[in-house]
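Down below is the structure, laid out as structure tokens.
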Amino acid sequence: PRCYALVPCAGVGERAGVGGPKQYHPVAGQAVVAHTLAALQAVPRLVATLVVLSPADDQFERHAPAFTGERAWVARVGGATRAESVVNGLAELLARGAQPHDWVLVHDAARCLLRPEWVARLIADCEADEVGGLLALPLADTLKAAVRGADGEARAQATVDRTAKWAAQTPQMFRLGLLRPALASALSDPVSAAAITDEASAIEALGHMPRLVPGDWENIKVTWPGDFALAERLLRTRA
Ligand code: C5P
């Protein structure tokens, strides 16, 4: 089977507070997504990387000028949610010749610290697996269940047992023929759609158990304003 990467890049990035889609915010001299795509392009096993953009996107080419060539694919089929963007991207991969038994590695545009070695490790560890898997890390912090107090402030209601809890990262690697119906079925009603925050959650909902492959703490998703400064420092020390 071949391996494809799919990068949902159609978000509006409201939480990042940078006044525009966070994937186009500059970090260490390039847009966030340009770093992400450079790492994927450096993985020889990936036949192609498909970037899913919002239909109205007019910024991508300007922000990722190096994303060209036969292995660089773009589709303006982004949806209202990340899961919809991914489902639409999977249909596009099939339309371009990918087969149901091929692997797809879904990776957030906003995880711009990705290293090619981590992708290669995920592929090596999951290729022989029935289901597939994802990069993830055992939780180090103590986990709190939060509620709004009477004063309107966030308050800890209880401590959640963190043993055997992992934080999910991306890439997440599954067969196209399993992931597409899994996401489509999760999206078919609003309650299950809201519970699908990554690809693995849709696979788990079908009763499968994705493999957890140890990721790296540097594989952050730039989400909050301070994340850009951290990403910048990490990228600069690598260069
Ligand atoms: O907002 P969040 O950090 O969860 O987004 C994760 C990734 O999904 C980002 O790369 C974002 O561009 C993408 N996304 C998308 N389509 C949406 C929402 C988010 O492709 N409708």
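Chain labels follow the order of the structure tokens: the first chain is A, the next B, and so on; residue numbering restarts at 1 in every chain, and ligands are counted from 1 in their shown order.
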
So that each row is one residue of stretch 19-117 of chain A with an atom at most 6 Å from stretch 174-191 of chain A, can you give its shortest atom pair and the distance in Å to one decimal, using only C-alpha atoms, rows by chain and rising number, as JSON lines?
```
{"residue": "A:Pro100", "atom": "CA", "partner": "A:Gly177", "partner_atom": "CA", "distance": 4.0}
{"residue": "A:His101", "atom": "CA", "partner": "A:Arg175", "partner_atom": "CA", "distance": 5.6}
{"residue": "A:Asp102", "atom": "CA", "partner": "A:Arg175", "partner_atom": "CA", "distance": 5.5}
{"residue": "A:Trp103", "atom": "CA", "partner": "A:Arg175", "partner_atom": "CA", "distance": 4.4}
{"residue": "A:Val104", "atom": "CA", "partner": "A:Phe174", "partner_atom": "CA", "distance": 5.6}
```

Handout entry: In stretch 43-236 of chain A, DSSP helix (DSSP H, G or I) residues written as a ChimeraX atom specification
Key = /A:60-63,82-95,116-126,176-187,190-195,199-205,225-236

Can I get the selection written as a short mmCIF file (atom, residue, chain, number, x, y, z; two decimals), in the first residue's frame, with C-alpha atoms?
```cif
data_model
loop_
_atom_site.label_atom_id
_atom_site.label_comp_id
_atom_site.auth_asym_id
_atom_site.auth_seq_id
_atom_site.Cartn_x
_atom_site.Cartn_y
_atom_site.Cartn_z
CA PHE A 60 -2.03 29.68 0.45
CA GLU A 61 0.19 29.99 -2.63
CA ARG A 62 1.73 33.19 -1.31
CA HIS A 63 2.48 31.62 2.08
CA ARG A 82 -11.95 19.91 10.69
CA ALA A 83 -13.61 16.50 10.27
CA GLU A 84 -15.57 17.73 7.23
CA SER A 85 -12.39 19.13 5.70
CA VAL A 86 -10.72 15.74 6.20
CA VAL A 87 -13.64 13.74 4.74
CA ASN A 88 -13.69 15.99 1.67
CA GLY A 89 -9.92 15.59 1.34
CA LEU A 90 -10.21 11.79 1.49
CA ALA A 91 -12.73 11.86 -1.37
CA GLU A 92 -10.27 13.98 -3.33
CA LEU A 93 -7.43 11.48 -2.72
CA LEU A 94 -9.63 8.64 -4.01
CA ALA A 95 -10.56 10.74 -7.05
CA PRO A 116 10.34 13.85 9.14
CA GLU A 117 11.82 11.20 11.53
CA TRP A 118 8.61 11.17 13.60
CA VAL A 119 6.53 10.55 10.48
CA ALA A 120 8.87 7.75 9.41
CA ARG A 121 8.59 6.20 12.90
CA LEU A 122 4.78 6.30 12.78
CA ILE A 123 4.76 4.62 9.37
CA ALA A 124 7.25 1.95 10.46
CA ASP A 125 5.27 1.17 13.62
CA CYS A 126 1.80 1.12 12.03
CA LEU A 176 -8.53 5.39 3.49
CA GLY A 177 -11.16 2.70 3.22
CA LEU A 178 -11.59 2.61 7.01
CA LEU A 179 -11.20 6.30 7.86
CA ARG A 180 -13.62 7.69 5.28
CA PRO A 181 -16.70 5.71 6.37
CA ALA A 182 -15.71 6.13 10.04
CA LEU A 183 -15.69 9.94 9.74
CA ALA A 184 -18.78 9.99 7.51
CA SER A 185 -20.73 7.94 10.04
CA ALA A 186 -19.58 10.15 12.94
CA LEU A 187 -20.59 13.26 10.99
CA PRO A 190 -24.60 16.37 15.50
CA VAL A 191 -23.89 14.64 18.84
CA SER A 192 -21.34 12.17 17.50
CA ALA A 193 -19.94 14.85 15.17
CA ALA A 194 -19.14 17.06 18.17
CA ALA A 195 -17.27 14.18 19.83
CA GLU A 199 -9.38 10.87 13.22
CA ALA A 200 -8.71 8.24 15.88
CA SER A 201 -11.90 9.14 17.76
CA ALA A 202 -13.96 8.18 14.69
CA ILE A 203 -12.04 4.90 14.38
CA GLU A 204 -12.54 4.14 18.10
CA ALA A 205 -16.28 4.79 17.74
CA PRO A 225 -1.08 33.45 21.21
CA GLY A 226 1.96 32.34 23.28
CA ASP A 227 2.43 29.21 21.13
CA PHE A 228 3.87 31.26 18.26
CA ALA A 229 6.75 32.53 20.41
CA LEU A 230 7.50 29.00 21.63
CA ALA A 231 7.36 27.59 18.08
CA GLU A 232 9.66 30.38 16.92
CA ARG A 233 12.25 29.61 19.63
CA LEU A 234 12.19 25.88 18.89
CA LEU A 235 12.52 26.38 15.12
CA ARG A 236 15.35 28.89 15.51
#
```

Problem - All residues having an atom within 8 Å of ligand 1 (only C-alpha atoms and all ligand atoms) as a PyMOL selection string - result: chain A and resi 7-15+21-23+52-54+78-86+107-111+197+221-223

Practice task
Using atom CA of A:Gln30 and atom CA of A:Arg115 as the two end points, give the distance in Å to one decimal.
Solution key: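 One can read the atom CA of A:Gln30 to atom CA of A:Arg115 distance as 16.1 Å.
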
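Among A:Asp129, A:Asp141, A:Asp161, A:Glu153, the residue with the shortest atom-to-atom distance to A:Met209, counting only C-alpha atoms, is A:Asp129.
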
Exercise for the section: For A:Arg155, work out the shell of residues within 9 Å, counting only C-alpha atoms and skipping chain neighbours fewer than 6 positions away, then give it as a list of chain:residue names. Expected result: A:Lys144, A:Ala145, A:Ala146, A:Val147, A:Arg148, A:Gly149

Problem - Interatomic distance, atom CA of A:Ala140 to atom CA of A:Val33 (Å, one decimal) - result: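 Calculated distance between atom CA of A:Ala140 and atom CA of A:Val33 is 27.7 Å.
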
Exercise for the section: Would you kindly return, as a ChimeraX atom specification, each protein, DNA or RNA residue with an atom no farther than 7 Å from any atom of stretch 68-71 of chain A, considering only C-alpha atoms and excluding same-chain residues fewer than 2 positions away? Expected result: /A:47-49,66,73

Write out the residues from the selection above, keeping N, CA and C atoms, as a compact mmCIF listing (two decimals), in the first residue's frame.
```txt
# COMPACT_ATOMS: atom_id res chain seq x y z
N VAL A 47 3.76 9.39 -1.00
CA VAL A 47 3.58 9.51 -2.44
C VAL A 47 3.20 10.94 -2.80
N ALA A 48 2.34 11.54 -1.98
CA ALA A 48 1.90 12.92 -2.20
C ALA A 48 1.34 13.47 -0.90
N THR A 49 1.33 14.79 -0.80
CA THR A 49 0.70 15.48 0.32
C THR A 49 -0.42 16.34 -0.24
N ALA A 66 7.10 27.20 -1.69
CA ALA A 66 7.95 26.04 -1.98
C ALA A 66 7.16 24.75 -2.15
N TRP A 73 -0.05 18.41 -3.69
CA TRP A 73 -1.42 18.51 -4.19
C TRP A 73 -2.23 19.48 -3.33
```

Problem - Which of stretch 88-130 of chain A DSSP labels strand (DSSP E or B), written as a PyMOL selection string - result: chain A and resi 103-106

Practice task
Tell me, as number ranges by chain, which residues lie within 10 Å of A:Ala38, counting only C-alpha atoms; anything in the same chain fewer than 2 positions away does not count.
Solution key: A: 33-36, 40-43, 64, 66-67, 112, 114-116

Could those selected residues go to a file with N, CA and C atoms, as a PDB file, in the first residue's frame?
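And here's out.pdb as it stands now:
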```
ATOM      1  N   VAL A  33       2.250  26.975   8.040  1.00  0.00           N
ATOM      2  CA  VAL A  33       2.002  25.819   7.170  1.00  0.00           C
ATOM      3  C   VAL A  33       3.191  25.500   6.263  1.00  0.00           C
ATOM      4  N   ALA A  34       4.018  26.486   5.955  1.00  0.00           N
ATOM      5  CA  ALA A  34       5.193  26.227   5.108  1.00  0.00           C
ATOM      6  C   ALA A  34       6.169  25.307   5.824  1.00  0.00           C
ATOM      7  N   HIS A  35       6.344  25.508   7.134  1.00  0.00           N
ATOM      8  CA  HIS A  35       7.205  24.609   7.927  1.00  0.00           C
ATOM      9  C   HIS A  35       6.627  23.195   7.937  1.00  0.00           C
ATOM     10  N   THR A  36       5.312  23.130   8.173  1.00  0.00           N
ATOM     11  CA  THR A  36       4.632  21.829   8.248  1.00  0.00           C
ATOM     12  C   THR A  36       4.827  21.042   6.957  1.00  0.00           C
ATOM     13  N   LEU A  40       6.777  17.310   5.781  1.00  0.00           N
ATOM     14  CA  LEU A  40       6.111  16.190   5.093  1.00  0.00           C
ATOM     15  C   LEU A  40       6.780  15.901   3.754  1.00  0.00           C
ATOM     16  N   GLN A  41       7.168  16.950   3.039  1.00  0.00           N
ATOM     17  CA  GLN A  41       7.810  16.762   1.738  1.00  0.00           C
ATOM     18  C   GLN A  41       9.155  16.039   1.873  1.00  0.00           C
ATOM     19  N   ALA A  42       9.726  16.075   3.086  1.00  0.00           N
ATOM     20  CA  ALA A  42      11.019  15.422   3.320  1.00  0.00           C
ATOM     21  C   ALA A  42      10.875  13.946   3.709  1.00  0.00           C
ATOM     22  N   VAL A  43       9.662  13.425   3.660  1.00  0.00           N
ATOM     23  CA  VAL A  43       9.448  12.005   3.972  1.00  0.00           C
ATOM     24  C   VAL A  43       9.293  11.246   2.650  1.00  0.00           C
ATOM     25  N   ALA A  64       3.021  29.514   0.979  1.00  0.00           N
ATOM     26  CA  ALA A  64       3.758  28.242   0.854  1.00  0.00           C
ATOM     27  C   ALA A  64       4.329  28.112  -0.554  1.00  0.00           C
ATOM     28  N   ALA A  66       7.096  27.199  -1.687  1.00  0.00           N
ATOM     29  CA  ALA A  66       7.954  26.037  -1.976  1.00  0.00           C
ATOM     30  C   ALA A  66       7.157  24.748  -2.151  1.00  0.00           C
ATOM     31  N   PHE A  67       5.847  24.812  -1.906  1.00  0.00           N
ATOM     32  CA  PHE A  67       5.029  23.599  -2.027  1.00  0.00           C
ATOM     33  C   PHE A  67       4.630  23.412  -3.491  1.00  0.00           C
ATOM     34  N   CYS A 112       3.534  22.755  13.251  1.00  0.00           N
ATOM     35  CA  CYS A 112       4.602  23.149  12.332  1.00  0.00           C
ATOM     36  C   CYS A 112       5.981  22.727  12.804  1.00  0.00           C
ATOM     37  N   LEU A 114       6.761  19.598  13.250  1.00  0.00           N
ATOM     38  CA  LEU A 114       6.882  18.203  12.819  1.00  0.00           C
ATOM     39  C   LEU A 114       8.275  17.906  12.273  1.00  0.00           C
ATOM     40  N   ARG A 115       8.815  16.739  12.641  1.00  0.00           N
ATOM     41  CA  ARG A 115      10.089  16.287  12.071  1.00  0.00           C
ATOM     42  C   ARG A 115       9.839  15.057  11.200  1.00  0.00           C
ATOM     43  N   PRO A 116      10.518  15.000  10.041  1.00  0.00           N
ATOM     44  CA  PRO A 116      10.341  13.845   9.145  1.00  0.00           C
ATOM     45  C   PRO A 116      10.580  12.505   9.858  1.00  0.00           C
TER      46      PRO A 116
END
```

Completion exercise
The distance between atom CA of A:Gly132 and atom CA of A:Arg96 is 22.2 Å

Practice task
Return the single residue from A:Ala164, A:Arg76, A:Val106, A:Leu212 that is closest to A:Asp58, with distances computed using only C-alpha atoms.
Solution key: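 Among the listed residues, the smallest separation from A:Asp58 belongs to A:Arg76.
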
Write out as a PDB file with N, CA and C atoms, in the first residue's frame the residues lying within 9 Å of A:Pro138, counting only C-alpha atoms and excluding same-chain residues fewer than 3 positions away.
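Written output follows (around-v3.pdb):
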```
ATOM      1  N   ARG A 162      -5.036  10.331  35.795  1.00  0.00           N
ATOM      2  CA  ARG A 162      -4.282  10.506  34.551  1.00  0.00           C
ATOM      3  C   ARG A 162      -3.538   9.231  34.134  1.00  0.00           C
ATOM      4  N   THR A 163      -3.560   8.184  34.965  1.00  0.00           N
ATOM      5  CA  THR A 163      -2.855   6.962  34.549  1.00  0.00           C
ATOM      6  C   THR A 163      -3.527   6.429  33.294  1.00  0.00           C
ATOM      7  N   ALA A 164      -2.694   5.952  32.397  1.00  0.00           N
ATOM      8  CA  ALA A 164      -3.185   5.409  31.141  1.00  0.00           C
ATOM      9  C   ALA A 164      -3.962   6.440  30.322  1.00  0.00           C
ATOM     10  N   LYS A 165      -3.606   7.719  30.465  1.00  0.00           N
ATOM     11  CA  LYS A 165      -4.184   8.743  29.582  1.00  0.00           C
ATOM     12  C   LYS A 165      -3.059   9.314  28.713  1.00  0.00           C
ATOM     13  N   TRP A 166      -3.327   9.420  27.448  1.00  0.00           N
ATOM     14  CA  TRP A 166      -2.342   9.964  26.516  1.00  0.00           C
ATOM     15  C   TRP A 166      -2.945  11.169  25.814  1.00  0.00           C
ATOM     16  N   ALA A 167      -2.103  12.137  25.470  1.00  0.00           N
ATOM     17  CA  ALA A 167      -2.537  13.280  24.669  1.00  0.00           C
ATOM     18  C   ALA A 167      -2.288  12.949  23.197  1.00  0.00           C
ATOM     19  N   ALA A 168      -3.324  13.080  22.378  1.00  0.00           N
ATOM     20  CA  ALA A 168      -3.218  12.723  20.960  1.00  0.00           C
ATOM     21  C   ALA A 168      -2.576  13.848  20.177  1.00  0.00           C
ATOM     22  N   PRO A 214       4.693   6.644  20.547  1.00  0.00           N
ATOM     23  CA  PRO A 214       5.224   7.799  21.283  1.00  0.00           C
ATOM     24  C   PRO A 214       5.667   8.935  20.358  1.00  0.00           C
TER      25      PRO A 214
END
```

Problem - Nearest to A:Ala56 by atom-to-atom distance, counting only C-alpha atoms, from A:Ile220, A:Val77, A:His208, A:Ile196 - result: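 Going through A:Ile220, A:Val77, A:His208, A:Ile196 one by one, the smallest distance to A:Ala56 is for A:Val77.
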